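Take a look at the structure below.
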Amino acid sequence: MLQGDYLGMRLTIEDVDKENLAFFQHCAQGDFRLQKGKKSGLFRYPPTTACPWTRDREYEWVSVEGKGTVHSYAEVHHAIQPAFRAHVPYMILLIDLDTQKGQPSEHEALRVVGNLLTAAGDFAPPEMIKTVGIGTRVRMVFKTVSDGFALPHWTIDEAAEQPANPWRYPE
Amino acid sequence: MTQSDMDATSPKYLRNKYAIVGVGETTYRRGSQESTRNLATWAINNALDDAGLEAADIDGMLSYSGNDSTMSPFVAGDLGIRLNFYMDVHGGGSSTEALIGIAMGVIEAGMCKTVAIFRSMNGYTQVRIGGTGARSAAPITGDQVHMRAYGWQSAGQMFAPTFLRHMYDYGTTSEQVAHVKMAHSKHASNNPKAFYKTRYTVEDVLNSRIICKPLHLLDCCVETDNATCIIVTRAERAKDMKQPLVQIRSVVGRCCKPRIDMHYQHGPISTVAGYYAKDILWPNAGVGPEEIDLTGSYDAFTFTTTLQLEDYGFCKKGEGGQYVSSGIIELGGKRPNNTSGGHLCEGYTHGMNMVIENVRQLRGNVDDSCPVGPNGKRQHTYDYREGGCRQVKDAELSANLGWAMPGTGSAMVMQRG
């Protein structure tokens with residue numbers, strides 16, 4: 001079982017939940033791995049018990065590069081969960097991974113969720129949030145929950161070429 | 001194979017064969033001071049009185065909830081209803097139409113004759129619909145870690161990527177969708193039952209504080225305590241009943257986008273489940289959007305109403321913002337939406353009140369402030385000024401568009417008998 005307190009929230013992954021267990025254990029090693037279906041050769045996110053394209057239950061965990069583009073987002077100014085009150089405004093990013101984008105059909109992508117963090121792993125300050133929108137290039141960072149348990153998140157990819165004006169909700 | 005077996009595979013088989021014969025609700029309040037069990041018996045009693053039925057006439061019961069209500073056996077027992085069938089299902093928005101379809105199916109199967117569907121909730125004082133309190137305190141395990149650990153929990157937070165992407169893809173604006181709140185508040189001001197009867201302007205919506213971009217406070221629905229009930233039976237049986245006949249032409253239940261475990265994997269994410277549901281709804285109804293007189297497009301948020309009207313084909317793809325800001329959806333417009341004020345203003349019921357309202361509209365006897373004539377029916381003025389009429393003139397066909405989330409929807413077309 002994986003368990004830990006994260007921002008004051010108790011997060012739990014039971015032993016029988018093998019797919020989620022492996023996913024978050026890999027994250028704790030700084031290794032973003034997704035299930036690759038044996039038959040389809042396709043990755044899927046989040047962890048599932050079969051391949052959504054072939055219903056194949058056989059898979060292997062394969063490392064995937066944690067780089068992508070903001071597809072859309074939510075920018076929360078009024079927190080609902082008490083754990084997030086100290087962090088508003090915060091962004092929930094929906095990232096199109098470069099890997100498998102537009103596959104197996106045009107509008108499909110591995111759309112991976114995470115908060116916008118600084119490179120150091122803190123919640124992004126408002127001035128950083130204002131620079132991020134649809135089209136922003138990001139890279140993955142991990143945030144530890146407990147021993148052997150980490151969550152994938154996102155930060156601005158400093159090395160990447162960024163769009164001149166990523167699309168943001170008009171102020 | 002007999003002819004009747006073949007007919008059973010036809011989508012037209014049940015068209016107009018079932019009817020909604022009774023509707024009822026409690027008050028819409030904050031602070032009901034009642035258990036969900038008590039609210040449920042209150043609403044069901046009102047629906048029975050509306051239908052002119054007694055407890056002995058009901059032998060089926062359906063409800064839906066999310067760990068926030070009382071199950072059918074307690075409610076039926078309280079009312080002295082002996083059940084031949086019941087089922088309490090997990091779920092929220094989009095359950096209303098789905099359960100109406102289930103009721104039709106179990107009656108058709110000969111399992112029971114008349115079904116009372118209820119939804120009872122203290123959505124403000126007990127388990128808050130917005131997600132604060134009990135829902136936020138619930139343990140975060142397994143698949144939920146991919147969402148709630150990121151502060152991605154409430155409906156507004158979960159749907160925001162769809163709404164923002166629609167703005168990006170089609171140029172939809174907050175000003176356009178704010179017209180939904182303006183329209184529904186106008187409708188609510190003519191609804192004595194509505195929790196919020198105040199009329200709001202587009203500017204009021206845009207000037208209210210941001211909750212979660214692109215949602216302002218007034219883009220979001222209200223949290224209230226209430227129960228609601230809808231009674232379904234065969235149209236044949238309904239003909240002798242108290243109320244004017246309201247038939248069900250077509251129903252769709254919890255129709256989904258691909259990858260419903262996390263629908264964002266399969267785009268375009270600015271397209272919602274109505275894109276799929278429309279291909280069941282309209283052929284089975286034998287009518288199209290152009291023939292519909294009024295709509296009940298779920299308004300958890302102003303955007304929800306907009307995106308569904310668009311994907312069900314009431315306008316071209318991408319033109320939902322123009323449609324809702326054109327005046328069409330207002331009372332007095334070509335095709336009013338949520339004439340009770342809906343979830344934005346009347347009260348939050350997970351979809352029930354929008355169906356109840358359209359049943360009353362199709363009966364031509366909506367409960368506004370118009371005077372009641374000697375025949376017991378309201379003498380509607382069709383003057384939609386504040387505090388006045390909210391009856392749609394000559395309403396014959398309605399469409400309800402239920403919403404659970406961008407990836408799941410339900411729908412129903414009803415017709416005046």
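Following the order of the structure tokens, chains are lettered A, B, ..., residues in each are numbered from 1, and ligands are numbered from 1.
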
Practice item. Name the residues of stretch 146-362 of chain B that fall into strand (DSSP E) according to DSSP on the backbone, using the chain letters and numbers of this document, as number ranges by chain. Key: B: 210-213, 215-216, 225-234, 246-256, 294-297

Practice item. Would you mind listing what lies within 10 Å of B:Ile292 as number ranges by chain, with only C-alpha atoms counted and same-chain residues fewer than 5 positions away left out? Key: B: 287, 314, 334-336, 395-399, 413-415

List every residue of chain A that has an atom at most 9 Å from any atom of chain B, giving for each one its closest atom pair and the distance in Å to one decimal, counting only C-alpha atoms, sorted by chain and then by ascending residue number, as JSON lines.
```
{"residue": "A:Tyr6", "atom": "CA", "partner": "B:Ala149", "partner_atom": "CA", "distance": 7.8}
{"residue": "A:Leu7", "atom": "CA", "partner": "B:Ala149", "partner_atom": "CA", "distance": 8.8}
{"residue": "A:Met9", "atom": "CA", "partner": "B:Ile140", "partner_atom": "CA", "distance": 7.6}
{"residue": "A:Arg10", "atom": "CA", "partner": "B:Ile140", "partner_atom": "CA", "distance": 6.5}
{"residue": "A:Leu11", "atom": "CA", "partner": "B:Ile140", "partner_atom": "CA", "distance": 5.1}
{"residue": "A:Thr12", "atom": "CA", "partner": "B:Thr141", "partner_atom": "CA", "distance": 4.7}
{"residue": "A:Ile13", "atom": "CA", "partner": "B:Gly142", "partner_atom": "CA", "distance": 5.0}
{"residue": "A:Glu14", "atom": "CA", "partner": "B:Gly142", "partner_atom": "CA", "distance": 7.0}
{"residue": "A:Asp17", "atom": "CA", "partner": "B:Gly142", "partner_atom": "CA", "distance": 6.9}
{"residue": "A:Asn20", "atom": "CA", "partner": "B:Gly142", "partner_atom": "CA", "distance": 6.6}
{"residue": "A:Leu21", "atom": "CA", "partner": "B:Gly142", "partner_atom": "CA", "distance": 8.4}
{"residue": "A:Arg44", "atom": "CA", "partner": "B:Gln265", "partner_atom": "CA", "distance": 8.7}
{"residue": "A:Tyr45", "atom": "CA", "partner": "B:Gln265", "partner_atom": "CA", "distance": 7.7}
{"residue": "A:Pro46", "atom": "CA", "partner": "B:His146", "partner_atom": "CA", "distance": 7.6}
{"residue": "A:Pro47", "atom": "CA", "partner": "B:Asp143", "partner_atom": "CA", "distance": 8.4}
{"residue": "A:Thr48", "atom": "CA", "partner": "B:Asp261", "partner_atom": "CA", "distance": 8.7}
{"residue": "A:Pro52", "atom": "CA", "partner": "B:Arg259", "partner_atom": "CA", "distance": 7.4}
{"residue": "A:His71", "atom": "CA", "partner": "B:Arg165", "partner_atom": "CA", "distance": 7.8}
{"residue": "A:Ser72", "atom": "CA", "partner": "B:Pro161", "partner_atom": "CA", "distance": 5.1}
{"residue": "A:Tyr73", "atom": "CA", "partner": "B:Pro161", "partner_atom": "CA", "distance": 4.8}
{"residue": "A:Ala74", "atom": "CA", "partner": "B:Ala160", "partner_atom": "CA", "distance": 5.2}
{"residue": "A:Glu75", "atom": "CA", "partner": "B:Lys213", "partner_atom": "CA", "distance": 5.2}
{"residue": "A:Val76", "atom": "CA", "partner": "B:Cys212", "partner_atom": "CA", "distance": 4.2}
{"residue": "A:His77", "atom": "CA", "partner": "B:Ile211", "partner_atom": "CA", "distance": 5.2}
{"residue": "A:His78", "atom": "CA", "partner": "B:Ile211", "partner_atom": "CA", "distance": 4.8}
{"residue": "A:Ala79", "atom": "CA", "partner": "B:Gly151", "partner_atom": "CA", "distance": 7.8}
{"residue": "A:Ile80", "atom": "CA", "partner": "B:Thr132", "partner_atom": "CA", "distance": 5.5}
{"residue": "A:Gln81", "atom": "CA", "partner": "B:Ser136", "partner_atom": "CA", "distance": 5.3}
{"residue": "A:Pro82", "atom": "CA", "partner": "B:Ser136", "partner_atom": "CA", "distance": 7.6}
{"residue": "A:Ala83", "atom": "CA", "partner": "B:Gly151", "partner_atom": "CA", "distance": 8.1}
{"residue": "A:Phe84", "atom": "CA", "partner": "B:Gly151", "partner_atom": "CA", "distance": 6.5}
{"residue": "A:Pro89", "atom": "CA", "partner": "B:Cys212", "partner_atom": "CA", "distance": 8.9}
{"residue": "A:Tyr90", "atom": "CA", "partner": "B:Gly151", "partner_atom": "CA", "distance": 8.6}
{"residue": "A:Met91", "atom": "CA", "partner": "B:Gly151", "partner_atom": "CA", "distance": 8.9}
{"residue": "A:Ile92", "atom": "CA", "partner": "B:Tyr150", "partner_atom": "CA", "distance": 6.8}
{"residue": "A:Leu93", "atom": "CA", "partner": "B:Pro161", "partner_atom": "CA", "distance": 8.4}
{"residue": "A:Leu94", "atom": "CA", "partner": "B:Pro161", "partner_atom": "CA", "distance": 7.5}
{"residue": "A:Ser105", "atom": "CA", "partner": "B:His266", "partner_atom": "CA", "distance": 8.7}
{"residue": "A:Glu106", "atom": "CA", "partner": "B:Gly267", "partner_atom": "CA", "distance": 8.3}
{"residue": "A:His107", "atom": "CA", "partner": "B:Gly267", "partner_atom": "CA", "distance": 4.6}
{"residue": "A:Glu108", "atom": "CA", "partner": "B:His266", "partner_atom": "CA", "distance": 4.6}
{"residue": "A:Ala109", "atom": "CA", "partner": "B:Gln265", "partner_atom": "CA", "distance": 5.8}
{"residue": "A:Leu110", "atom": "CA", "partner": "B:Gln265", "partner_atom": "CA", "distance": 6.0}
{"residue": "A:Arg111", "atom": "CA", "partner": "B:Gln265", "partner_atom": "CA", "distance": 5.6}
{"residue": "A:Val112", "atom": "CA", "partner": "B:Gln265", "partner_atom": "CA", "distance": 8.5}
{"residue": "A:Val113", "atom": "CA", "partner": "B:His146", "partner_atom": "CA", "distance": 7.2}
{"residue": "A:Gly114", "atom": "CA", "partner": "B:Tyr150", "partner_atom": "CA", "distance": 6.3}
{"residue": "A:Asn115", "atom": "CA", "partner": "B:Tyr150", "partner_atom": "CA", "distance": 6.1}
{"residue": "A:Ile134", "atom": "CA", "partner": "B:Tyr168", "partner_atom": "CA", "distance": 8.2}
{"residue": "A:Leu151", "atom": "CA", "partner": "B:Ala149", "partner_atom": "CA", "distance": 8.5}
{"residue": "A:His153", "atom": "CA", "partner": "B:Tyr150", "partner_atom": "CA", "distance": 8.8}
{"residue": "A:Trp167", "atom": "CA", "partner": "B:Tyr168", "partner_atom": "CA", "distance": 7.2}
{"residue": "A:Arg168", "atom": "CA", "partner": "B:Tyr168", "partner_atom": "CA", "distance": 8.5}
{"residue": "A:Tyr169", "atom": "CA", "partner": "B:Pro214", "partner_atom": "CA", "distance": 6.7}
{"residue": "A:Pro170", "atom": "CA", "partner": "B:Thr173", "partner_atom": "CA", "distance": 8.9}
```

Point to revise | Selection: 9 Å around A:Trp53, only C-alpha atoms, excl. self and same-chain fewer than 6 positions, as an MDAnalysis selection string | key: chainID A and resid 37 40 42 104

Those residues you just picked out, can you put them in a file as a CSV table (one decimal), in the first residue's frame with C-alpha atoms?
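Resulting contents of part10.csv:
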```
chain,number,residue,atom,x,y,z
A,37,GLY,CA,-0.4,-2.5,-24.6
A,40,SER,CA,-1.6,-2.3,-29.8
A,42,LEU,CA,-0.1,2.1,-27.6
A,104,PRO,CA,-4.4,6.5,-32.8
```

**Study point:** Selected residue, from A:Gly30, A:Gly133, A:Gly121, A:Gly148, that lies nearest to A:Met1 when counting only C-alpha atoms
**Key:** A:Gly148

Practice item. Could you give me, as a VMD selection string, the residues within 9 Å of A:Ala50, counting only C-alpha atoms and dropping anything in the same chain fewer than 6 positions from it? Key: chain A and resid 37 56 to 59

Exercise for review: Write out as a ChimeraX atom specification all residues of stretch 38-119 of chain A that DSSP puts in helix (DSSP H, G or I) for this structure's backbone.
Suggested key: /A:82-87

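Between atom CA of B:Asp49 and atom CA of B:Lys17 there is a distance of 22.8 Å.
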
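Computed from the coordinates, the atom CA of B:Ser410 to atom CA of B:Val106 distance equals 18.2 Å.
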
Can you pull out every residue within 12 Å of stretch 162-166 of chain A, counting only C-alpha atoms, but drop anything in the same chain fewer than 5 positions away, and send it as a short mmCIF file (atom, residue, chain, number, x, y, z; two decimals) with C-alpha atoms, in the first residue's frame?
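Listing of selection18.cif after writing:
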```cif
data_model
loop_
_atom_site.label_atom_id
_atom_site.label_comp_id
_atom_site.auth_asym_id
_atom_site.auth_seq_id
_atom_site.Cartn_x
_atom_site.Cartn_y
_atom_site.Cartn_z
CA GLY A 68 4.29 18.34 -23.80
CA THR A 69 2.03 21.26 -24.54
CA VAL A 70 -0.84 22.80 -22.58
CA HIS A 71 -4.07 21.60 -24.22
CA SER A 72 -6.36 23.32 -21.74
CA ILE A 129 0.56 31.68 -13.87
CA LYS A 130 -0.02 34.78 -16.01
CA THR A 131 2.56 33.55 -18.53
CA VAL A 132 1.01 30.10 -19.06
CA GLY A 133 -1.84 29.23 -21.40
CA ILE A 134 -2.89 26.91 -24.19
CA GLY A 135 0.24 26.21 -26.24
CA THR A 136 2.80 26.66 -23.45
CA ARG A 137 5.57 24.06 -23.51
CA VAL A 138 6.03 22.26 -20.20
CA ILE A 156 7.49 25.67 -17.75
CA ASP A 157 10.09 24.07 -20.03
CA TYR B 168 -10.13 28.83 -27.66
#
```

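Picture a line from atom CA of B:Ala238 to atom CA of B:Leu53; it runs 10.8 Å.
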
Exercise for review: Using only C-alpha atoms, determine which residues lie at most 7 Å from A:Gln25, disregarding the query and same-chain residues fewer than 3 positions distant; provide the list as a VMD selection string.
Suggested key: chain A and resid 21 to 22 28 to 29 148 to 150

Next, write the just-selected residues to a file, as a tab-separated table (two decimals), in the first residue's frame, keeping C-alpha atoms as the atom set.
```
chain	number	residue	atom	x	y	z
A	21	LEU	CA	0.51	1.40	-7.33
A	22	ALA	CA	3.14	0.86	-10.04
A	28	ALA	CA	8.80	8.30	-6.87
A	29	GLN	CA	11.88	7.17	-8.78
A	148	GLY	CA	7.96	5.48	-2.63
A	149	PHE	CA	4.97	7.68	-3.56
A	150	ALA	CA	5.17	10.79	-5.76
```
